[in-house]
Amino acid sequence: MEYKRLSDANEITARYMDSILISERLIDSVVADTTMEFLGETFDMPVMTPAFSHLKNYNGREKTGLEEYSIAAKEMNILNFVGMMENDDFSKILATGAKTIRIVKPYADKGKVKDQMQFAVENGAFGIGMDIDHIFGEEGEDVVIGEKMAVQTTDMLQRYVESTTLPFVVKGVLSAEDAVKCADIGAKAIIVSHHHGRLPYAVPPMRVLPEIKGALDGRDVKIIVDCGIASGADVYKAIALGADAAAVGRSMLPALEENGVEGVETFLKGVQKELRFVMSCTGFAKVEDIDDSCLYF
């Protein structure tokens, strides 16, 4: 049989996630509660939307996909994330009423970074952050939709953290070393992610989660994980391995494209129901109780 190299981090991630199995603990268990506390607010489940950018109006509907999934996040009482966009588009997201964290790209134009962060503060965002996994591209520093990105140092990120009154989130952490640096600068949360496989052979976020969790022991930093999260069982595994919450991403796009707000709500309800079922079947009554004692590798 011919050996085929596998550099696609998304496939590597999917294979690793699916290799993790779950045992049962049914006796004396109860129907689980999926609510969680995150950065001072209570949400109905430890599931968050992804920091998508530039989604179009699907099937001729009036609102963009970004607005539609934000409305669904509001209705489902989960934390909402959005990515690269101008301030007028972010205003539309805030108008949905969803508790939203804005993830700003690492623009070479530092004035634009500061302007977008300040706009978030002044207009009621839940939090602000930066997408560090878009710093580099194959030609050097990345260019995203015509916008040049820039290297980010610890000092630069710390100045952004200190410039805002909002909780600061760093997206794109995939090592214990970066996680510790985020804690040192005062970030309140990190998103463990390889950004849908930008790095060939990237380690699956769930595989590096325990190491990151251990490195942040005693530090007041929340851990979110994304990449390939598509079900309640995926969310359960992520939390058992050290995350506080998980973000769905491309897995919700078919539902969003076809049925908009209603489609996303239906998808999220399915994730929540499966998470509750798996928690109940493994003896965990609350999200904060989940550990890796029922996982098999």
# chains A, B, ... in the order shown; residues from 1 in each chain; ligands from 1
>>> residues_around(residues="A:Ala247", least_positions_apart="3", cutoff="6 Å", atoms="only C-alpha atoms", output="PDB file with all heavy atoms, in the first residue's frame")
ATOM      1  N   VAL A  47     -21.069  26.797  24.798  1.00  0.00           N
ATOM      2  CA  VAL A  47     -20.921  26.775  23.345  1.00  0.00           C
ATOM      3  C   VAL A  47     -20.982  28.212  22.851  1.00  0.00           C
ATOM      4  O   VAL A  47     -21.859  28.974  23.273  1.00  0.00           O
ATOM      5  CB  VAL A  47     -22.030  25.937  22.683  1.00  0.00           C
ATOM      6  CG1 VAL A  47     -21.886  25.951  21.162  1.00  0.00           C
ATOM      7  CG2 VAL A  47     -22.000  24.511  23.213  1.00  0.00           C
ATOM      8  N   MET A  48     -20.059  28.569  21.967  1.00  0.00           N
ATOM      9  CA  MET A  48     -19.978  29.934  21.466  1.00  0.00           C
ATOM     10  C   MET A  48     -19.956  29.931  19.947  1.00  0.00           C
ATOM     11  O   MET A  48     -19.611  28.925  19.320  1.00  0.00           O
ATOM     12  CB  MET A  48     -18.724  30.610  22.021  1.00  0.00           C
ATOM     13  CG  MET A  48     -18.719  30.657  23.532  1.00  0.00           C
ATOM     14  SD  MET A  48     -17.166  31.219  24.241  1.00  0.00           S
ATOM     15  CE  MET A  48     -17.589  31.147  25.995  1.00  0.00           C
ATOM     16  N   THR A  49     -20.333  31.054  19.363  1.00  0.00           N
ATOM     17  CA  THR A  49     -20.256  31.172  17.909  1.00  0.00           C
ATOM     18  C   THR A  49     -18.824  31.502  17.504  1.00  0.00           C
ATOM     19  O   THR A  49     -18.031  31.974  18.310  1.00  0.00           O
ATOM     20  CB  THR A  49     -21.197  32.274  17.395  1.00  0.00           C
ATOM     21  OG1 THR A  49     -20.826  33.528  17.981  1.00  0.00           O
ATOM     22  CG2 THR A  49     -22.653  31.958  17.724  1.00  0.00           C
ATOM     23  N   PRO A  50     -18.465  31.271  16.242  1.00  0.00           N
ATOM     24  CA  PRO A  50     -17.110  31.556  15.769  1.00  0.00           C
ATOM     25  C   PRO A  50     -16.948  33.024  15.403  1.00  0.00           C
ATOM     26  O   PRO A  50     -17.938  33.734  15.203  1.00  0.00           O
ATOM     27  CB  PRO A  50     -16.985  30.678  14.516  1.00  0.00           C
ATOM     28  CG  PRO A  50     -18.388  30.656  13.987  1.00  0.00           C
ATOM     29  CD  PRO A  50     -19.291  30.650  15.185  1.00  0.00           C
ATOM     30  N   ASP A 226     -11.594  25.860  19.511  1.00  0.00           N
ATOM     31  CA  ASP A 226     -12.381  25.666  18.301  1.00  0.00           C
ATOM     32  C   ASP A 226     -11.631  24.744  17.337  1.00  0.00           C
ATOM     33  O   ASP A 226     -10.656  24.113  17.721  1.00  0.00           O
ATOM     34  CB  ASP A 226     -12.779  26.998  17.662  1.00  0.00           C
ATOM     35  CG  ASP A 226     -11.650  27.724  16.953  1.00  0.00           C
ATOM     36  OD1 ASP A 226     -10.536  27.179  16.844  1.00  0.00           O
ATOM     37  OD2 ASP A 226     -11.887  28.854  16.494  1.00  0.00           O
TER      38      ASP A 226
END
>>> closest_atom_pairs(of="stretch 215-239 of chain A", to="stretch 190-210 of chain A", cutoff="7 Å", atoms="only C-alpha atoms", output="CSV")
residue,atom,partner,partner_atom,distance
A:Lys222,CA,A:Ile190,CA,6.4
A:Ile223,CA,A:Ile190,CA,5.3
A:Ile224,CA,A:Ile191,CA,4.6
A:Val225,CA,A:Val192,CA,4.6
A:Asp226,CA,A:Ser193,CA,5.5
A:Cys227,CA,A:His196,CA,5.9
A:Ala238,CA,A:Met206,CA,6.1
>>> write_last_selection(atoms="all heavy atoms", output="mmCIF file, in the first residue's frame")
data_model
loop_
_atom_site.group_PDB
_atom_site.id
_atom_site.type_symbol
_atom_site.label_atom_id
_atom_site.label_comp_id
_atom_site.auth_asym_id
_atom_site.auth_seq_id
_atom_site.Cartn_x
_atom_site.Cartn_y
_atom_site.Cartn_z
ATOM 1 N N LYS A 222 -9.595 32.254 31.014
ATOM 2 C CA LYS A 222 -10.538 31.280 30.479
ATOM 3 C C LYS A 222 -9.992 30.695 29.178
ATOM 4 O O LYS A 222 -9.297 31.366 28.416
ATOM 5 C CB LYS A 222 -11.894 31.938 30.212
ATOM 6 C CG LYS A 222 -12.595 32.457 31.457
ATOM 7 C CD LYS A 222 -13.069 31.321 32.344
ATOM 8 C CE LYS A 222 -13.936 31.838 33.492
ATOM 9 N NZ LYS A 222 -14.404 30.731 34.366
ATOM 10 N N ILE A 223 -10.336 29.434 28.918
ATOM 11 C CA ILE A 223 -9.855 28.737 27.727
ATOM 12 C C ILE A 223 -11.044 28.318 26.861
ATOM 13 O O ILE A 223 -11.941 27.613 27.326
ATOM 14 C CB ILE A 223 -9.038 27.488 28.101
ATOM 15 C CG1 ILE A 223 -7.848 27.866 28.996
ATOM 16 C CG2 ILE A 223 -8.562 26.770 26.843
ATOM 17 C CD1 ILE A 223 -7.118 26.662 29.563
ATOM 18 N N ILE A 224 -11.031 28.788 25.620
ATOM 19 C CA ILE A 224 -12.014 28.390 24.618
ATOM 20 C C ILE A 224 -11.268 27.586 23.566
ATOM 21 O O ILE A 224 -10.112 27.874 23.267
ATOM 22 C CB ILE A 224 -12.672 29.625 23.970
ATOM 23 C CG1 ILE A 224 -13.243 30.567 25.028
ATOM 24 C CG2 ILE A 224 -13.761 29.212 22.984
ATOM 25 C CD1 ILE A 224 -13.531 31.964 24.515
ATOM 26 N N VAL A 225 -11.916 26.595 22.991
ATOM 27 C CA VAL A 225 -11.275 25.828 21.923
ATOM 28 C C VAL A 225 -12.188 25.813 20.705
ATOM 29 O O VAL A 225 -13.413 25.802 20.834
ATOM 30 C CB VAL A 225 -10.955 24.387 22.392
ATOM 31 C CG1 VAL A 225 -12.212 23.600 22.655
ATOM 32 C CG2 VAL A 225 -10.094 23.663 21.373
ATOM 33 N N ASP A 226 -11.594 25.860 19.511
ATOM 34 C CA ASP A 226 -12.381 25.666 18.301
ATOM 35 C C ASP A 226 -11.631 24.744 17.337
ATOM 36 O O ASP A 226 -10.656 24.113 17.721
ATOM 37 C CB ASP A 226 -12.779 26.998 17.662
ATOM 38 C CG ASP A 226 -11.650 27.724 16.953
ATOM 39 O OD1 ASP A 226 -10.536 27.179 16.844
ATOM 40 O OD2 ASP A 226 -11.887 28.854 16.494
ATOM 41 N N CYS A 227 -12.108 24.641 16.111
ATOM 42 C CA CYS A 227 -11.614 23.757 15.048
ATOM 43 C C CYS A 227 -12.301 22.394 15.112
ATOM 44 O O CYS A 227 -12.006 21.571 15.988
ATOM 45 C CB CYS A 227 -10.105 23.567 15.076
ATOM 46 S SG CYS A 227 -9.188 25.107 14.834
ATOM 47 N N ALA A 238 -13.910 18.583 24.715
ATOM 48 C CA ALA A 238 -13.092 19.790 24.860
ATOM 49 C C ALA A 238 -13.030 20.239 26.315
ATOM 50 O O ALA A 238 -11.960 20.573 26.839
ATOM 51 C CB ALA A 238 -13.654 20.909 23.982
#
>>> select_by_dssp(residues="stretch 43-196 of chain A", states="alpha helix (DSSP H)", output="PyMOL selection string")
chain A and resi 65-76+87-94+110-122+154-163+176-185
>>> select_by_dssp(residues="stretch 194-251 of chain A", states="strand (DSSP E or B)", output="list of chain:residue names")
A:Lys222, A:Ile223, A:Ile224, A:Val225, A:Ala245, A:Ala246, A:Ala247
>>> residues_around(residues="A:Leu55", least_positions_apart="2", cutoff="8 Å", atoms="only C-alpha atoms", output="list in words")
Phe52, Ser53, Asn57, Thr64, Gly65 and Leu66 of chain A
>>> residues_around(residues="A:Val169", least_positions_apart="6", cutoff="8 Å", atoms="only C-alpha atoms", output="JSON list (two decimals) with all heavy atoms, in the first residue's frame")
[["chain", "number", "residue", "atom", "x", "y", "z"],
["A", 103, "ILE", "N", -13.24, 40.30, 17.54],
["A", 103, "ILE", "CA", -11.86, 39.90, 17.31],
["A", 103, "ILE", "C", -11.28, 40.73, 16.17],
["A", 103, "ILE", "O", -11.73, 40.63, 15.02],
["A", 103, "ILE", "CB", -11.76, 38.40, 16.98],
["A", 103, "ILE", "CG1", -12.32, 37.56, 18.13],
["A", 103, "ILE", "CG2", -10.32, 38.01, 16.67],
["A", 103, "ILE", "CD1", -11.54, 37.68, 19.44],
["A", 127, "GLY", "N", -16.63, 42.17, 24.87],
["A", 127, "GLY", "CA", -15.18, 42.03, 24.99],
["A", 127, "GLY", "C", -14.51, 42.38, 23.68],
["A", 127, "GLY", "O", -15.17, 42.65, 22.67],
["A", 128, "ILE", "N", -13.20, 42.36, 23.70],
["A", 128, "ILE", "CA", -12.40, 42.69, 22.51],
["A", 128, "ILE", "C", -11.22, 41.73, 22.47],
["A", 128, "ILE", "O", -10.83, 41.16, 23.49],
["A", 128, "ILE", "CB", -11.91, 44.17, 22.56],
["A", 128, "ILE", "CG1", -11.34, 44.59, 21.22],
["A", 128, "ILE", "CG2", -10.91, 44.38, 23.68],
["A", 128, "ILE", "CD1", -12.35, 44.78, 20.15],
["A", 129, "GLY", "N", -10.66, 41.54, 21.27],
["A", 129, "GLY", "CA", -9.53, 40.63, 21.19],
["A", 129, "GLY", "C", -8.78, 40.77, 19.88],
["A", 129, "GLY", "O", -9.09, 41.63, 19.06],
["A", 130, "MET", "N", -7.79, 39.91, 19.70],
["A", 130, "MET", "CA", -6.98, 39.94, 18.48],
["A", 130, "MET", "C", -6.75, 38.53, 17.97],
["A", 130, "MET", "O", -6.55, 37.58, 18.74],
["A", 130, "MET", "CB", -5.64, 40.64, 18.71],
["A", 130, "MET", "CG", -4.76, 40.67, 17.46],
["A", 130, "MET", "SD", -3.37, 41.84, 17.59],
["A", 130, "MET", "CE", -4.20, 43.38, 17.21],
["A", 187, "ALA", "N", -4.51, 39.05, 29.49],
["A", 187, "ALA", "CA", -5.65, 38.58, 28.72],
["A", 187, "ALA", "C", -6.58, 37.79, 29.64],
["A", 187, "ALA", "O", -6.14, 37.05, 30.51],
["A", 187, "ALA", "CB", -5.19, 37.71, 27.56],
["A", 188, "LYS", "N", -7.89, 37.97, 29.43],
["A", 188, "LYS", "CA", -8.87, 37.27, 30.25],
["A", 188, "LYS", "C", -9.28, 35.93, 29.67],
["A", 188, "LYS", "O", -9.87, 35.09, 30.38],
["A", 188, "LYS", "CB", -10.12, 38.15, 30.44],
["A", 188, "LYS", "CG", -9.87, 39.38, 31.30],
["A", 188, "LYS", "CD", -9.42, 38.99, 32.70],
["A", 188, "LYS", "CE", -9.21, 40.19, 33.60],
["A", 188, "LYS", "NZ", -8.70, 39.80, 34.93],
["A", 189, "ALA", "N", -9.00, 35.72, 28.38],
["A", 189, "ALA", "CA", -9.35, 34.45, 27.75],
["A", 189, "ALA", "C", -8.48, 34.23, 26.53],
["A", 189, "ALA", "O", -7.95, 35.19, 25.94],
["A", 189, "ALA", "CB", -10.83, 34.42, 27.36],
["A", 190, "ILE", "N", -8.33, 32.97, 26.15],
["A", 190, "ILE", "CA", -7.64, 32.61, 24.92],
["A", 190, "ILE", "C", -8.52, 31.65, 24.13],
["A", 190, "ILE", "O", -9.34, 30.94, 24.71],
["A", 190, "ILE", "CB", -6.27, 31.95, 25.17],
["A", 190, "ILE", "CG1", -6.41, 30.67, 26.00],
["A", 190, "ILE", "CG2", -5.31, 32.94, 25.85],
["A", 190, "ILE", "CD1", -5.13, 29.87, 26.13],
["A", 191, "ILE", "N", -8.36, 31.67, 22.82],
["A", 191, "ILE", "CA", -9.03, 30.68, 21.96],
["A", 191, "ILE", "C", -7.94, 29.79, 21.38],
["A", 191, "ILE", "O", -7.07, 30.25, 20.63],
["A", 191, "ILE", "CB", -9.83, 31.35, 20.84],
["A", 191, "ILE", "CG1", -10.90, 32.29, 21.43],
["A", 191, "ILE", "CG2", -10.49, 30.28, 19.96],
["A", 191, "ILE", "CD1", -11.74, 33.02, 20.39]]
>>> atom_distance(atom1="atom CA of A:His54", atom2="atom CA of A:Ser251")
17.0 Å
>>> closest_residue(among="A:Leu157, A:Pro254, A:Glu86, A:Lys213", to="A:Ser175", atoms="only C-alpha atoms")
A:Lys213
>>> residues_around(residues="stretch 15-32 of chain A", least_positions_apart="5", cutoff="8 Å", atoms="only C-alpha atoms", output="MDAnalysis selection string")
chainID A and resid 204 206:207 234 237 276:277 279:286 294:297
>>> closest_residue(among="A:Arg219, A:Lys92, A:Arg102, A:Lys63", to="A:Gln118", atoms="only C-alpha atoms")
A:Arg102
>>> residues_around(residues="A:Met117", least_positions_apart="5", cutoff="12 Å", atoms="only C-alpha atoms", output="ChimeraX atom specification")
/A:84-87,90,101-106,110-112,122-130,159-169
>>> closest_residue(among="A:Ala98, A:Glu141, A:Gly214, A:Glu67", to="A:Asn80", atoms="only C-alpha atoms")
A:Ala98
>>> residues_around(residues="A:Arg61", least_positions_apart="4", cutoff="12 Å", atoms="only C-alpha atoms", output="PyMOL selection string")
chain A and resi 56-57+65+67-68+256-261
>>> closest_residue(among="A:Glu37, A:Leu253, A:Thr266, A:Ala150", to="A:Asp131", atoms="only C-alpha atoms")
A:Ala150
